[in-house]
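Coordinates as given in final03.cif (mmCIF, C-alpha atoms):
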```
data_coords
loop_
_atom_site.label_atom_id
_atom_site.label_comp_id
_atom_site.auth_asym_id
_atom_site.auth_seq_id
_atom_site.Cartn_x
_atom_site.Cartn_y
_atom_site.Cartn_z
CA LEU A 1 20.19 -17.98 8.10
CA GLY A 2 19.49 -17.48 11.78
CA LEU A 3 16.26 -15.50 12.01
CA GLU A 4 15.17 -13.91 15.24
CA GLU A 5 11.71 -14.90 16.49
CA PRO A 6 9.18 -12.21 15.50
CA ALA A 7 8.03 -11.83 19.10
CA ASN A 8 11.52 -10.60 20.02
CA VAL A 9 11.70 -7.85 17.41
CA ASP A 10 11.86 -4.36 18.90
CA GLU A 11 10.07 -2.58 16.07
CA GLY A 12 11.10 0.96 15.13
CA ARG A 13 14.64 0.62 16.48
CA VAL A 14 17.39 2.07 14.27
CA THR A 15 20.64 0.14 14.30
CA VAL A 16 23.63 -0.83 12.14
CA GLY A 17 24.37 -4.07 10.32
CA LYS A 18 26.15 -5.70 7.40
CA VAL A 19 24.38 -6.95 4.32
CA LYS A 20 24.84 -10.71 4.59
CA MET A 21 23.18 -11.59 1.30
CA TYR A 22 21.36 -9.77 -1.49
CA ASN A 23 19.76 -11.27 -4.60
CA PRO A 24 19.02 -8.44 -7.06
CA ALA A 25 17.11 -10.78 -9.39
CA LYS A 26 14.68 -11.74 -6.62
CA ARG A 27 14.90 -8.28 -4.98
CA PHE A 28 15.52 -9.41 -1.40
CA GLY A 29 18.33 -10.06 1.03
CA PHE A 30 19.37 -10.29 4.69
CA VAL A 31 21.23 -7.90 6.94
CA GLN A 32 22.96 -8.99 10.16
CA GLU A 33 23.05 -6.59 13.08
CA ILE A 34 26.60 -5.74 14.12
CA GLY A 35 27.63 -7.04 17.53
CA VAL A 36 24.67 -9.41 17.83
CA LYS A 37 25.24 -13.08 17.03
CA ASP A 38 22.76 -14.86 14.77
CA LYS A 39 20.49 -11.85 14.45
CA ASP A 40 19.49 -11.51 10.80
CA PHE A 41 16.76 -9.33 9.31
CA PHE A 42 15.04 -9.89 5.98
CA PHE A 43 14.71 -6.90 3.64
CA HIS A 44 13.00 -6.36 0.31
CA GLU A 45 14.12 -3.94 -2.38
CA SER A 46 11.00 -1.86 -1.68
CA LYS A 47 12.38 -1.13 1.80
CA VAL A 48 15.72 0.23 0.55
CA ALA A 49 16.13 4.02 0.56
CA ASP A 50 15.80 5.72 -2.83
CA GLY A 51 19.07 5.95 -4.72
CA LEU A 52 20.88 3.42 -2.53
CA THR A 53 22.41 0.38 -4.24
CA VAL A 54 22.84 -2.49 -1.81
CA THR A 55 25.73 -4.94 -2.13
CA ARG A 56 26.92 -7.87 -0.05
CA GLY A 57 29.20 -6.79 2.81
CA MET A 58 27.95 -3.20 2.85
CA THR A 59 27.48 -1.59 6.26
CA VAL A 60 24.05 -0.01 6.51
CA GLU A 61 21.84 1.77 8.99
CA PHE A 62 18.39 0.17 9.17
CA GLU A 63 15.10 0.27 11.03
CA THR A 64 13.74 -2.95 12.53
CA MET A 65 10.19 -4.13 11.84
CA VAL A 66 8.05 -7.22 11.31
CA ASP A 67 6.78 -7.89 7.78
CA GLY A 68 3.44 -9.29 6.65
CA LYS A 69 4.69 -12.85 7.09
CA GLY A 70 5.73 -12.25 10.70
CA ARG A 71 9.45 -12.19 9.91
CA PRO A 72 11.97 -9.85 11.53
CA SER A 73 12.64 -7.35 8.76
CA ALA A 74 14.60 -4.22 7.95
CA ALA A 75 14.06 -0.94 6.18
CA ILE A 76 17.48 0.05 4.85
CA LEU A 77 17.93 3.76 5.52
CA LYS A 78 21.45 4.59 4.36
CA CYS A 79 25.09 3.51 4.17
CA SER A 80 26.84 3.72 7.54
CA ASP A 81 30.32 4.19 8.92
CA GLY A 82 29.69 1.22 11.19
CA LYS A 83 28.99 3.21 14.35
CA LYS A 84 25.76 2.75 16.25
CA PRO A 85 23.44 5.73 15.59
CA SER A 86 23.09 8.25 18.38
CA GLY A 87 19.73 9.02 19.95
CA ALA A 88 19.43 12.18 17.86
CA SER A 89 20.32 10.29 14.68
CA GLN A 90 17.83 7.57 15.53
CA ALA A 91 15.05 10.09 16.11
CA THR A 92 15.86 11.78 12.79
CA GLN A 93 15.75 8.51 10.89
CA GLN A 94 12.54 7.38 12.54
CA SER A 95 10.87 10.67 11.71
CA GLU A 96 11.43 9.90 8.03
CA MET A 97 9.22 6.80 8.25
CA VAL A 98 5.49 6.98 8.91
CA SER A 99 2.95 4.24 9.59
CA MET A 100 -0.35 4.52 7.71
CA PRO A 101 -3.38 2.31 7.13
CA CYS A 102 -3.46 0.72 3.68
CA PHE A 103 -5.87 -1.38 1.65
CA SER A 104 -5.81 -2.98 -1.77
CA MET A 105 -8.18 -2.72 -4.72
CA SER A 106 -8.14 -4.57 -8.01
CA GLN A 107 -8.17 -2.90 -11.38
CA PRO A 108 -9.95 -1.00 -12.79
CA PHE A 109 -11.40 0.16 -9.45
CA ALA A 110 -8.09 1.40 -8.02
CA SER A 111 -7.67 3.73 -11.01
CA LEU A 112 -11.32 4.77 -11.00
CA LEU A 113 -11.02 5.73 -7.33
CA LEU A 114 -7.86 7.81 -7.74
CA ASN A 115 -9.24 9.47 -10.88
CA GLY A 116 -12.29 10.63 -8.93
CA VAL A 117 -14.78 8.56 -10.93
CA LYS A 118 -15.58 6.15 -8.09
CA THR A 119 -16.41 8.15 -4.97
CA VAL A 120 -17.79 5.50 -2.60
CA GLU A 121 -16.09 2.24 -1.58
CA THR A 122 -18.28 -0.58 -0.28
CA ARG A 123 -17.57 -3.80 1.57
CA ASN A 124 -19.59 -6.53 3.22
CA ASN A 125 -17.52 -6.02 6.37
CA ASP A 126 -16.96 -2.97 8.56
CA MET A 127 -13.31 -2.55 7.50
CA PHE A 128 -13.37 1.26 7.63
CA MET A 129 -15.86 1.62 10.48
CA ASN A 130 -13.25 2.26 13.18
CA LEU A 131 -11.32 4.85 11.17
CA PRO A 132 -12.14 8.41 12.23
CA LYS A 133 -13.74 10.54 9.54
CA GLY A 134 -11.00 12.36 7.64
CA SER A 135 -8.37 9.64 8.07
CA LYS A 136 -5.71 9.41 5.35
CA VAL A 137 -5.39 5.91 3.89
CA LEU A 138 -2.93 4.45 1.39
CA LEU A 139 -4.27 2.60 -1.65
CA ALA A 140 -2.44 -0.36 -3.18
CA CYS A 141 -3.26 -1.70 -6.63
CA GLY A 142 -4.04 -5.42 -6.45
CA ARG A 143 -1.97 -7.81 -8.52
CA ARG A 144 -5.11 -9.42 -9.95
CA ASP A 145 -7.73 -7.61 -12.01
CA TRP A 146 -11.41 -7.63 -11.09
CA ARG A 147 -13.02 -10.87 -12.23
CA ASP A 148 -15.56 -9.17 -14.55
CA GLN A 149 -13.86 -6.37 -16.47
CA GLU A 150 -16.96 -5.59 -18.51
CA ALA A 151 -19.20 -4.92 -15.48
CA PRO A 152 -17.72 -1.51 -14.53
CA ARG A 153 -17.60 -0.50 -18.18
CA ARG A 154 -21.35 -1.12 -18.45
CA GLU A 155 -21.98 1.07 -15.41
CA LEU A 156 -19.76 3.85 -16.74
CA ARG A 157 -21.51 3.81 -20.11
CA LYS A 158 -24.84 4.12 -18.29
CA ALA A 159 -23.39 7.17 -16.49
CA GLY A 160 -22.54 8.77 -19.85
CA TYR A 161 -18.82 8.05 -20.19
CA SER A 162 -17.44 7.32 -23.66
CA ASP A 163 -15.28 4.26 -24.29
CA GLU A 164 -12.26 6.56 -24.72
CA GLU A 165 -12.92 8.16 -21.32
CA ILE A 166 -13.45 4.75 -19.71
CA ASP A 167 -10.10 3.54 -21.05
CA LYS A 168 -8.37 6.68 -19.79
CA PHE A 169 -9.81 6.55 -16.28
CA SER A 170 -9.37 2.77 -15.90
CA GLU A 171 -5.64 2.50 -16.64
CA LEU A 172 -2.63 2.80 -14.36
CA PRO A 173 -0.39 5.75 -15.24
CA ARG A 174 2.84 4.94 -17.04
CA GLY A 175 5.51 3.62 -14.69
CA PHE A 176 3.05 2.26 -12.11
CA ARG A 177 2.80 -1.48 -11.46
CA LYS A 178 0.18 -3.77 -10.02
CA GLY A 179 1.14 -4.54 -6.43
CA ASP A 180 2.46 -1.01 -5.80
CA ILE A 181 0.99 1.48 -3.36
CA VAL A 182 -0.27 3.99 -5.89
CA GLY A 183 -2.04 6.77 -4.02
CA VAL A 184 -3.63 8.21 -0.91
CA LEU A 185 -7.20 9.17 -0.09
CA THR A 186 -9.39 10.51 2.70
CA VAL A 187 -12.21 8.38 4.07
CA GLY A 188 -15.54 9.73 5.23
CA GLU A 189 -17.91 8.26 7.79
CA THR A 190 -18.92 4.67 7.00
CA TRP A 191 -22.61 3.87 7.05
CA LEU A 192 -24.64 0.67 6.80
CA SER A 193 -26.67 1.02 3.60
CA THR A 194 -30.23 -0.15 3.03
CA LYS A 195 -31.33 -2.40 0.19
CA ASP A 196 -33.24 0.52 -1.33
CA GLU A 197 -30.03 2.59 -1.37
CA ARG A 198 -28.11 -0.21 -3.08
CA LEU A 199 -30.88 -0.57 -5.66
CA GLY A 200 -30.78 3.16 -6.39
CA SER A 201 -28.96 4.65 -9.36
CA ASN A 202 -27.35 7.35 -7.20
CA LEU A 203 -25.28 4.93 -5.10
CA GLN A 204 -24.64 2.62 -8.04
CA ARG A 205 -23.15 5.52 -9.98
CA LYS A 206 -20.85 6.49 -7.08
CA VAL A 207 -19.71 2.89 -6.52
CA VAL A 208 -19.53 2.09 -10.28
CA SER A 209 -21.41 -1.14 -9.72
CA ALA A 210 -24.80 -2.74 -10.12
CA PHE A 211 -26.78 -3.84 -7.05
CA ASP A 212 -25.18 -7.29 -6.81
CA GLY A 213 -21.66 -5.80 -6.56
CA ILE A 214 -22.36 -3.28 -3.79
CA GLY A 215 -21.42 -4.16 -0.21
CA ARG A 216 -23.57 -3.23 2.77
CA TYR A 217 -20.96 -0.95 4.40
CA CYS A 218 -20.42 2.23 2.40
CA THR A 219 -17.53 4.68 2.84
CA PRO A 220 -17.34 8.04 1.00
CA ILE A 221 -13.93 8.77 -0.52
CA ASP A 222 -12.56 12.27 -0.85
CA ASP A 223 -9.33 13.95 -1.99
CA ALA A 224 -8.05 10.83 -3.76
CA LYS A 225 -4.64 11.48 -5.34
CA TRP A 226 -2.06 9.51 -7.27
CA PHE A 227 1.50 9.45 -5.99
CA ARG A 228 4.11 10.76 -8.41
CA LYS A 229 5.50 7.23 -8.48
CA GLY A 230 4.36 3.90 -7.11
CA ILE A 231 5.71 2.64 -3.80
CA PRO A 232 6.71 -1.02 -4.13
CA GLN A 233 5.56 -3.31 -1.36
CA GLN A 234 6.70 -6.83 -0.76
CA ARG A 235 3.26 -8.30 -0.33
CA GLY A 236 -0.22 -6.88 0.13
CA GLN A 237 -2.58 -8.13 2.81
CA PRO A 238 -6.34 -8.59 3.01
CA GLY A 239 -8.44 -5.95 4.70
CA LEU A 240 -6.91 -2.87 6.28
CA TYR A 241 -3.26 -3.20 7.27
CA LYS A 242 -0.44 -0.93 8.44
CA MET A 243 2.39 0.11 6.13
CA ARG A 244 5.55 1.95 7.11
CA VAL A 245 6.59 4.24 4.28
CA SER A 246 9.10 7.01 3.80
CA LYS A 247 7.76 10.54 4.01
CA ASN A 248 9.75 11.22 0.85
CA ASP A 249 7.47 8.80 -1.04
CA LEU A 250 4.26 10.58 -0.01
CA ILE A 251 4.39 13.09 -2.85
CA THR A 252 1.16 13.34 -4.81
CA GLU A 253 0.28 14.65 -8.27
CA GLU A 254 -1.52 17.96 -8.15
#
```
Using the file provided, produce a representation of the structure as structure tokens.
Amino acid sequence: LGLEEPANVDEGRVTVGKVKMYNPAKRFGFVQEIGVKDKDFFFHESKVADGLTVTRGMTVEFETMVDGKGRPSAAILKCSDGKKPSGASQATQQSEMVSMPCFSMSQPFASLLLNGVKTVETRNNDMFMNLPKGSKVLLACGRRDWRDQEAPRRELRKAGYSDEEIDKFSELPRGFRKGDIVGVLTVGETWLSTKDERLGSNLQRKVVSAFDGIGRYCTPIDDAKWFRKGIPQQRGQPGLYKMRVSKNDLITEE
């Protein structure tokens, strides 16, 4: 398939194309822009509008982007009559997609964060340092669990949680999958902690970690909420990365 070089992708443009190939078992396909020779865009099932079933040969309206692998990609917005979208239509479609910072956490820490048990996130790098206080950030659940599952349980028992409570707060809700974007949270102002702070029970309780698992850069987390359903993503990335998601997906549990 003739893929356009990533450097030539005009991101955020809404256009029309035909689905050239779709593999439902592997959940990906390619769409070719109408009227442009050898211009194919990769798309993943997670970038197809809710309720839309994609089939080969279908004419669709899509938004252009570059995925985490640097490939020209598409977010499939809706079926189309084959006409190029007008400026007004394009603006409407673009307004339905928002770009937000996102990061990934392994289990059980992703669940502990969104359940309000873990209230400080720490790293040994300044990942959150440049985010203004009060920024909204998406949280993805890592595909791999934390290497020592017993360590956070020990810390939670020390904090007075029962094993039943630990199980409840450490699990993903029904219907959520590892790899999904599962919630949204508000970050506070990151600070560089001292060794004495990291040795203290107060910070250890908020991080749900002993001294050796606490990073130097500490970020308070507030207003952490689960989404009503997980948002599939093709592939997570290390650190803080940008995700374009539909506004319709940003519905949280109260």
Suppose a student applies the PyMOL selection byres ((chain A and resi 158) around 12) to this structure; what residues should they get, written as a ChimeraX atom specification? /A:151-157,159-163,166,201-202,204-205,208-210
Could you write out the selected residues, including C-alpha atoms, as a PDB file, in the coordinates of the input?
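Wrote out-v4.pdb, looks like this:
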```pdb
ATOM      1  CA  ALA A 151     -19.200  -4.920 -15.480  1.00  0.00           C
ATOM      2  CA  PRO A 152     -17.720  -1.510 -14.530  1.00  0.00           C
ATOM      3  CA  ARG A 153     -17.600  -0.500 -18.180  1.00  0.00           C
ATOM      4  CA  ARG A 154     -21.350  -1.120 -18.450  1.00  0.00           C
ATOM      5  CA  GLU A 155     -21.980   1.070 -15.410  1.00  0.00           C
ATOM      6  CA  LEU A 156     -19.760   3.850 -16.740  1.00  0.00           C
ATOM      7  CA  ARG A 157     -21.510   3.810 -20.110  1.00  0.00           C
ATOM      8  CA  ALA A 159     -23.390   7.170 -16.490  1.00  0.00           C
ATOM      9  CA  GLY A 160     -22.540   8.770 -19.850  1.00  0.00           C
ATOM     10  CA  TYR A 161     -18.820   8.050 -20.190  1.00  0.00           C
ATOM     11  CA  SER A 162     -17.440   7.320 -23.660  1.00  0.00           C
ATOM     12  CA  ASP A 163     -15.280   4.260 -24.290  1.00  0.00           C
ATOM     13  CA  ILE A 166     -13.450   4.750 -19.710  1.00  0.00           C
ATOM     14  CA  SER A 201     -28.960   4.650  -9.360  1.00  0.00           C
ATOM     15  CA  ASN A 202     -27.350   7.350  -7.200  1.00  0.00           C
ATOM     16  CA  GLN A 204     -24.640   2.620  -8.040  1.00  0.00           C
ATOM     17  CA  ARG A 205     -23.150   5.520  -9.980  1.00  0.00           C
ATOM     18  CA  VAL A 208     -19.530   2.090 -10.280  1.00  0.00           C
ATOM     19  CA  SER A 209     -21.410  -1.140  -9.720  1.00  0.00           C
ATOM     20  CA  ALA A 210     -24.800  -2.740 -10.120  1.00  0.00           C
TER      21      ALA A 210
END
```
Pick the closest to A:Val117 from A:Val137, A:Gly215, A:Gly68, A:Asp222: which is it, counting all atoms listed in the file?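 Among the listed residues, the smallest separation from A:Val117 belongs to A:Asp222.
Put simply, atom CA of A:Phe41 is 29.5 Å away from atom CA of A:Gly175.
Residues lying within 8 Å of stretch 21-23 of chain A, counting only C-alpha atoms and ignoring same-chain neighbours fewer than 6 positions away, are Gly29, Phe30, Val31, Val54, Thr55, Arg56 and Gly57 of chain A.
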Residues at most 8 Å from stretch 138-142 of chain A, counting only C-alpha atoms, excluding those fewer than 5 positions away in the same chain, as a list in words?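 Contacts, in chain order: Met100, Pro101, Cys102, Phe103, Ser104, Met105, Ser106, Gln107, Ala110, Arg177, Lys178, Gly179, Asp180, Ile181, Val182, Gly183, Val184, Leu185 and Gly236 of chain A.
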Residue among A:Leu203, A:Met97, A:Leu131, A:Cys218 lying closest to A:Lys247, counting only C-alpha atoms: A:Met97
As an exercise, work out the distance from atom CA of A:Ile214 to atom CA of A:Met243 in Å and give it to one decimal place. 26.9 Å
